[in-house]
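Before any comments, here is the structure.
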2 protein chains.
Amino acid sequence: MTIEQGAPETHPLDSIFYPKSVAVLGVTPTPDTVPNDIFRNILTSGYTGVLYPVAPFKRSIYAVKAYRYVLDIPDEVDQAVIVYPGNVCHKAVEQCGEKGVKSIIMISAGFREVGPEGVKREAKVKELCDQYGIKLIGPNCLGVINTDPTSMLNASFARQMPDQGRIAFLSQSGALCTAVLDYALEKGIGFSKFVSFGNKAGVTDIDLMRYLHKDPQTDVILVYLEELRDGRGLVEAAREITRGPGAKPILLIKSGRTSQGADAAASHTGSLAGEDVICDAVLKEAGIIRVDTIDELFNSAIMMTYQPPPKGRKVAIVTNAGGPGVMATDAAVNMGLEIPRFGEETTKKLKSALPAAANIKNPVDVIGDARADRYSAAIEAVLDDENVDQALVILTPQSMTDIEAIADCVVEGHKKTEKPLACSFMGGRDVQAGIDILQAARIPHYILPEWACKALLDSSSFNEWTNAPEPPLEPLPTDAGTVRAIINSAPKGYMSEDQCLAVLDAYGFPVPNHKLCKTAAEAADFASKLNGPAVLRIVSPDIVHKFDVKGVALNIDGPDAMTKAWDDMMTHIAGVMPNATIIGAIVRPMIPQGIEVILGAKRDNVFGPTIMFGLGGLFVEIFKDVTFALAPVTAQRAASMVRGVKAYEILAGARGAAAADVAGIEECIRRLGQLVADHPRIIELDINPLLVGPADVGNTVADIRIRLS
Amino acid sequence: MTIEQGAPETHPLDSIFYPKSVAVLGVTPTPDTVPNDIFRNILTSGYTGVLYPVAPFKRSIYAVKAYRYVLDIPDEVDQAVIVYPGNVCHKAVEQCGEKGVKSIIMISAGFREVGPEGVKREAKVKELCDQYGIKLIGPNCLGVINTDPTSMLNASFARQMPDQGRIAFLSQSGALCTAVLDYALEKGIGFSKFVSFGNKAGVTDIDLMRYLHKDPQTDVILVYLEELRDGRGLVEAAREITRGPGAKPILLIKSGRTSQGADAAASHTGSLAGEDVICDAVLKEAGIIRVDTIDELFNSAIMMTYQPPPKGRKVAIVTNAGGPGVMATDAAVNMGLEIPRFGEETTKKLKSALPAAANIKNPVDVIGDARADRYSAAIEAVLDDENVDQALVILTPQSMTDIEAIADCVVEGHKKTEKPLACSFMGGRDVQAGIDILQAARIPHYILPEWACKALLDSSSFNEWTNAPEPPLEPLPTDAGTVRAIINSAPKGYMSEDQCLAVLDAYGFPVPNHKLCKTAAEAADFASKLNGPAVLRIVSPDIVHKFDVKGVALNIDGPDAMTKAWDDMMTHIAGVMPNATIIGAIVRPMIPQGIEVILGAKRDNVFGPTIMFGLGGLFVEIFKDVTFALAPVTAQRAASMVRGVKAYEILAGARGAAAADVAGIEECIRRLGQLVADHPRIIELDINPLLVGPADVGNTVADIRIRLS
């Protein structure tokens, strides 16, 4: 292995992809079995190192001298591929450790995916690997493939070695890998690295993504994931990978979107899917492009691998058939691409090159009887237009269409531009020769124009993301010490209202002026200092639903009324809940009307502290019109959370109303993000509602609930 | 042609598909031109009739004796295919008429799609065809193909004759046809009839759909449409075709969804797309399955052609790979299919047939090392389960997977059941032999499990539709005569409020008790008869915005207050609008609070009178949460309109509120449908809001606006 040929020289995971010697532990001579397939694959795929079979009681496997145990091998062994039954693997690992093996690819099943017994087994294996410093892939996986000519390792039971290419594929499902390899082979798609990581007991998907980020052989990282174990780690890694020098796109399928799908995922790899809607938001926040199908995954991957990034979203369409042109335009616009008008110069060029019946506006219709000359002129003209960032060429095979000549002219036109180009030669056999020409020139081809649009979109989105670094988090000043003291002294469960208000107060939220009073006199005194009528709210650890026990009194005007309200409340509660511990009651002013919004926070098992925002009441309940983000939240993300709900129009001043204090909401979101990030014992928090007034009045926290772990 | 072989014997459009003789007008001997291609296609595709070239100054074309004019042909000519330039076509039509030609397929372009001159030309051609009783396909089309062995007519310039099959395809875009033919050829999909209808000047898409409904060769009708000219005619036809004896599914692509797409469509066939959201609703109401891409079109078509209809939406999934199983489950559930639990018996069978590590719940995972025996047992078990209506079999090619044997066992399993089955053998080359076996047995195969799910869904939807005939329209009693008299006497534009109320009153809407008063005394007298406070609203043809001129007074309590309110209002208006003609003012009671809903009606150019329903205010403005239907509206459809909005929960009694008078809303929708259907001069009508009270209180029309043409 030499540096020039691309392997990152000293990465700790190199021992997985670039081992100098590999032993397969558990080989049998029986063909068409997993152990035999793996051994044969390494043997016959061009592996550049030395291969040893470990197969007790056999002299040789495929004429290669066999050993009883890995410890019997007289030379150094970098990597062990283990295919023993799950219940004996730990012994093999132990021997590997003694032997000084650097990486293990554990194909064997029978671990976490089979229940508690397997979980224990997996922990044991992991512990041993950690102890010996061994990098572990699997268990319960298909294996690892590295097409780098310096290694040419196919340590998998896949049916075939893929071509070399610049796409890396990581999959939690081993079975899917075989389908993907077969699919890719047919489409002429090559891979740099191909990893089935299975239960990810040792090396994780995140470790592998970070490795591929530095891998000079890889341009695009594709991931199929069933279980997100460390959501926050994924987000951190993805942000680093998708931005900055050497940034690479990550395209990801996360299955288990529906609860039934998640159940199925859980039953087969022991995964538990998080709430999909949060997952969706978080992946976006991490710059990961989430897709739904294998097709989408590769459609976008070849676009990003083969073509330069687009400057923007403006797509020119050139077609010889109006119908597909219209369908592509519909698809592009619906997805969020733009179909720009052409400049004058372009229009002139198109007019002179195309017949009168042609449509010289975007989408350009060169008409059914077009031959290569018309395509050539149109493609060149639109790619020259500065209003155009990328182009889609559509062809339907008419009787006079010179398909191969047109493919050639697409290739020629593409050479003269820095703008990305995609094609859709529609049909099947008739257009195949043309498609072959395009693919040889690395011009992405899609059977349907709609797919081309999706690939152009994903490429555009990635480009926008990678070129727009997010400003760093700027913490607002808060009094974290006070909150720490309050939380430290509070028991598990819901905090009392006075504690909640004190917490928010310390973090700078717009909490109403209030006081926890112990006596009627104290309450009357505080009420007299307020402008306008007051509210009285009981505080008791035993009372959750204050209204049910008349623990809330509204519109109390003046100290006398307060004294009476206090007495009435205490008398009533003493009657209905004689054993309740009464801490006192909070006195505060009536809160002015406003638009109800909800700010929520939740500590998620997968993602850690997350923040939710939405407009109150029916908007949340019926339309699920909410946005999510990880805490803490940058100013930019807070702004996009508020603007991301459909009901934002209401805040912005729909129906002639005054614009609401949006800046104030954004600040609350940031403060909330800091609060839950700073204090891990907060597992749930709801400000519901925050009453939002006009910009010159501001917002007020009207109700608050905090739950501690 | 004999009846047994399937051509509907006496249908007027038979002359298009089953002509006994065809003349091609405008043939040239130059190969690779449209006229030559068409002639050669008919000549070489096995046409069972007699073919004549009409080519001035040529003795023969491809050795077939040529004639100068159609009139020179000594025999009867059933059909003429015209490929002359657009500006001389009318002369050819005239000669065809004299000759007694029964159908014309006009390939020529240069008509409505090129602007006003072309529109005139097209009108002329149509007029001549009507005059001679000629059925006209086109102009501006690719032609017509009939694969029925009794005809074998390829009167098109497509590159190839498709295989015979039971799918009919109609397309407004000629160019798309060639792509579709090529696509279908590769997938082994055959056609019964294949028509490019172009500008549909004579025979329309609707005529063709009705013909195919009766065509014994056709099971499924596919349509690609850019322009809906007669939306109501399409709906009527589709309802007849998709329900009742001999019902057939219609799958339709209507392009021009976005305004940019519609612009492009307009520029290339002279179409104007209606509002897409209405179109969507209306197509659904007609039982038409709307899809977005060519793939979807054929994926669902082969499902419906090859497989029996499913009893319900419950899908069993059998897979050898967890990942794709999860993805298919996600897709199925998201689309609206169900993934049922299996019965005890099934669970028992699966448990005994599959290894311990298998997942015996739905989706069944027979695990990666499964061979045909496991698949066979699993498929048979799930198809036997009465909780299962249909099944999806997924395969990924593992090294030990015996793909062809598994395909065989799918075929065997399928023979034993009446339930539809789809497969997804994922990958490419490895699985091809298996796919071939499935396709030969007419088991639909899809590269992606997600596509299979969509096809199963469409087939399920159609089955539900076709088996649930809609109860007929039951008109409610109304006083149409009164309304006719009011409308007849009213000028174009907005009607006055008293007229509007009279119209609604005559149609039985819950209009508040009211009177148009001419004097203060009359108003005071009427107000004294009302329970509770009254409202006074100015009536003047010159005053549109009543509030701006203080033309509305609320909460008027008693006759004295009314007299004062009247005087104040009249004085003020006389001051600010001295020239306004005052008809009087309406006195009515204050309307009780309620939930605001909107009922709207609009006469659409394409669809005629349409009805809209939604909850008032932000729900409509921000969430576009509305439903549409054609007027008149059946009781069933009125109910589904109300239940179709997301905000229906609010009416049903969300948040513990009392349920609203939903039955009353439904009745209003039906009355509104009758009103606008009965009176074509109503081009716009808005009841905004209808205030909806609890069921025991009922609803009230709070404001109404009607515009006449």
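Letters for chains follow the order of the structure tokens (A, B, ...), residue numbers begin at 1 for each chain, and ligand numbers begin at 1 in the order shown.
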Chain A contacts to chain B at 7 Å (only C-alpha atoms) as a PyMOL selection string: chain A and resi 32-33+114+157-159+173+175-176+178-180+182-183+186+255-258+260-261+264-265+267-268+321-324+326-327+329-330+333+357+359+363+368+396-400+426-430+622+646-647
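In the backbone-derived DSSP annotation, strand (DSSP E or B) within segment 70-137 of chain B comprises Gln79, Ala80, Val81, Ile82, Ser103, Ile104, Ile105, Met106, Lys135, Leu136 and Ile137 of chain B.
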Could you write out the selected residues, including C-alpha atoms, as an mmCIF file, in the first residue's frame?
```
data_model
loop_
_atom_site.group_PDB
_atom_site.id
_atom_site.type_symbol
_atom_site.label_atom_id
_atom_site.label_comp_id
_atom_site.auth_asym_id
_atom_site.auth_seq_id
_atom_site.Cartn_x
_atom_site.Cartn_y
_atom_site.Cartn_z
ATOM 1 C CA GLN B 79 -60.097 4.882 -43.522
ATOM 2 C CA ALA B 80 -57.784 7.650 -44.649
ATOM 3 C CA VAL B 81 -54.540 8.444 -42.863
ATOM 4 C CA ILE B 82 -53.654 12.022 -43.783
ATOM 5 C CA SER B 103 -62.668 7.540 -40.512
ATOM 6 C CA ILE B 104 -59.682 9.837 -40.829
ATOM 7 C CA ILE B 105 -56.493 9.694 -38.823
ATOM 8 C CA MET B 106 -54.933 13.101 -39.280
ATOM 9 C CA LYS B 135 -64.829 9.987 -37.446
ATOM 10 C CA LEU B 136 -61.674 12.085 -37.056
ATOM 11 C CA ILE B 137 -58.631 11.220 -34.912
#
```
Glu522 of chain B surroundings by only C-alpha atoms, 12 Å radius, close-in-sequence under 3 positions cut, as a ChimeraX atom specification: /B:515-519,525-529,536,559-560,562-563,566,584-587
For the selection you just gave me, I'd like the residues written to a file as an mmCIF file, in the first residue's frame, keeping N, CA and C atoms.
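Listing of selection32.cif after writing:
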```
data_model
loop_
_atom_site.group_PDB
_atom_site.id
_atom_site.type_symbol
_atom_site.label_atom_id
_atom_site.label_comp_id
_atom_site.auth_asym_id
_atom_site.auth_seq_id
_atom_site.Cartn_x
_atom_site.Cartn_y
_atom_site.Cartn_z
ATOM 1 N N LYS B 515 -86.038 41.241 7.237
ATOM 2 C CA LYS B 515 -86.976 41.989 6.403
ATOM 3 C C LYS B 515 -86.243 43.174 5.780
ATOM 4 N N LEU B 516 -86.485 43.378 4.508
ATOM 5 C CA LEU B 516 -85.975 44.585 3.854
ATOM 6 C C LEU B 516 -86.951 45.707 4.150
ATOM 7 N N CYS B 517 -86.501 46.673 4.937
ATOM 8 C CA CYS B 517 -87.399 47.759 5.341
ATOM 9 C C CYS B 517 -87.083 49.020 4.548
ATOM 10 N N LYS B 518 -88.138 49.810 4.345
ATOM 11 C CA LYS B 518 -87.965 51.036 3.555
ATOM 12 C C LYS B 518 -87.932 52.276 4.441
ATOM 13 N N THR B 519 -88.514 52.138 5.651
ATOM 14 C CA THR B 519 -88.575 53.303 6.546
ATOM 15 C C THR B 519 -88.154 52.891 7.955
ATOM 16 N N ASP B 525 -90.741 48.441 13.749
ATOM 17 C CA ASP B 525 -91.834 47.493 13.926
ATOM 18 C C ASP B 525 -91.323 46.050 13.828
ATOM 19 N N PHE B 526 -90.467 45.791 12.803
ATOM 20 C CA PHE B 526 -89.961 44.431 12.637
ATOM 21 C C PHE B 526 -89.027 44.050 13.791
ATOM 22 N N ALA B 527 -88.212 45.034 14.208
ATOM 23 C CA ALA B 527 -87.266 44.772 15.305
ATOM 24 C C ALA B 527 -88.021 44.386 16.574
ATOM 25 N N SER B 528 -89.178 45.019 16.776
ATOM 26 C CA SER B 528 -89.924 44.738 18.016
ATOM 27 C C SER B 528 -90.464 43.322 18.027
ATOM 28 N N LYS B 529 -90.584 42.721 16.844
ATOM 29 C CA LYS B 529 -91.109 41.347 16.790
ATOM 30 C C LYS B 529 -90.008 40.289 16.983
ATOM 31 N N LEU B 536 -78.973 46.008 11.750
ATOM 32 C CA LEU B 536 -79.480 46.785 10.619
ATOM 33 C C LEU B 536 -78.387 46.865 9.569
ATOM 34 N N PRO B 559 -87.427 48.951 19.679
ATOM 35 C CA PRO B 559 -87.837 49.801 18.548
ATOM 36 C C PRO B 559 -87.259 51.219 18.592
ATOM 37 N N ASP B 560 -87.097 51.767 19.776
ATOM 38 C CA ASP B 560 -86.560 53.136 19.844
ATOM 39 C C ASP B 560 -85.119 53.168 19.368
ATOM 40 N N MET B 562 -83.821 51.160 17.387
ATOM 41 C CA MET B 562 -83.815 50.909 15.957
ATOM 42 C C MET B 562 -84.081 52.197 15.171
ATOM 43 N N THR B 563 -85.036 52.951 15.656
ATOM 44 C CA THR B 563 -85.351 54.207 14.974
ATOM 45 C C THR B 563 -84.131 55.115 14.950
ATOM 46 N N TRP B 566 -81.467 53.683 12.581
ATOM 47 C CA TRP B 566 -81.867 53.948 11.177
ATOM 48 C C TRP B 566 -81.510 55.382 10.792
ATOM 49 N N GLY B 584 -83.062 50.444 0.811
ATOM 50 C CA GLY B 584 -83.618 50.290 2.148
ATOM 51 C C GLY B 584 -82.563 49.696 3.046
ATOM 52 N N ALA B 585 -82.999 49.000 4.088
ATOM 53 C CA ALA B 585 -82.037 48.322 4.957
ATOM 54 C C ALA B 585 -82.687 47.066 5.487
ATOM 55 N N ILE B 586 -81.837 46.061 5.709
ATOM 56 C CA ILE B 586 -82.345 44.788 6.217
ATOM 57 C C ILE B 586 -82.253 44.764 7.728
ATOM 58 N N VAL B 587 -83.333 44.349 8.339
ATOM 59 C CA VAL B 587 -83.351 44.159 9.792
ATOM 60 C C VAL B 587 -83.370 42.648 10.057
#
```
Contacts of segment 550-555 of chain B within 7 Å, only C-alpha atoms, excl. fewer than 6 positions in-chain, as a PyMOL selection string: chain B and resi 533-538+565+569+590
Arg671 of chain A environment, 10 Å, only C-alpha atoms, sequence neighbours closer than 2 positions dropped, as a PyMOL selection string: chain A and resi 475-478+504+507-509+631-633+665-669+673-677
Spatial neighbours of Glu412 of chain A, max dist 12 Å, only C-alpha atoms, sep filter under 5 positions, as a ChimeraX atom specification: /A:372-373,375-377,379-380,405-407,417,421,437-438,441,443
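Using only C-alpha atoms for every distance, the candidate list A:Met209, A:Ala66, A:Ala524, A:Val83 yields A:Ala524 as the residue closest to Asp567 of chain A.
The two atoms in question, atom CA of Ser156 of chain B and atom CA of His445 of chain A, are spaced 28.1 Å apart.
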d(atom CA of Glu464 of chain B, atom CA of Val195 of chain B) in Å: 28.7 Å
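Counting from atom CA of Thr305 of chain B, the distance to atom CA of Ala168 of chain B is 10.8 Å.
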Residues near Ala286 of chain B, cut-off 12 Å, only C-alpha atoms, skip fewer than 6 positions along chain, as a PyMOL selection string: chain B and resi 231-243+249-252+279-280+462+465-466+469-470+607+629-630+637
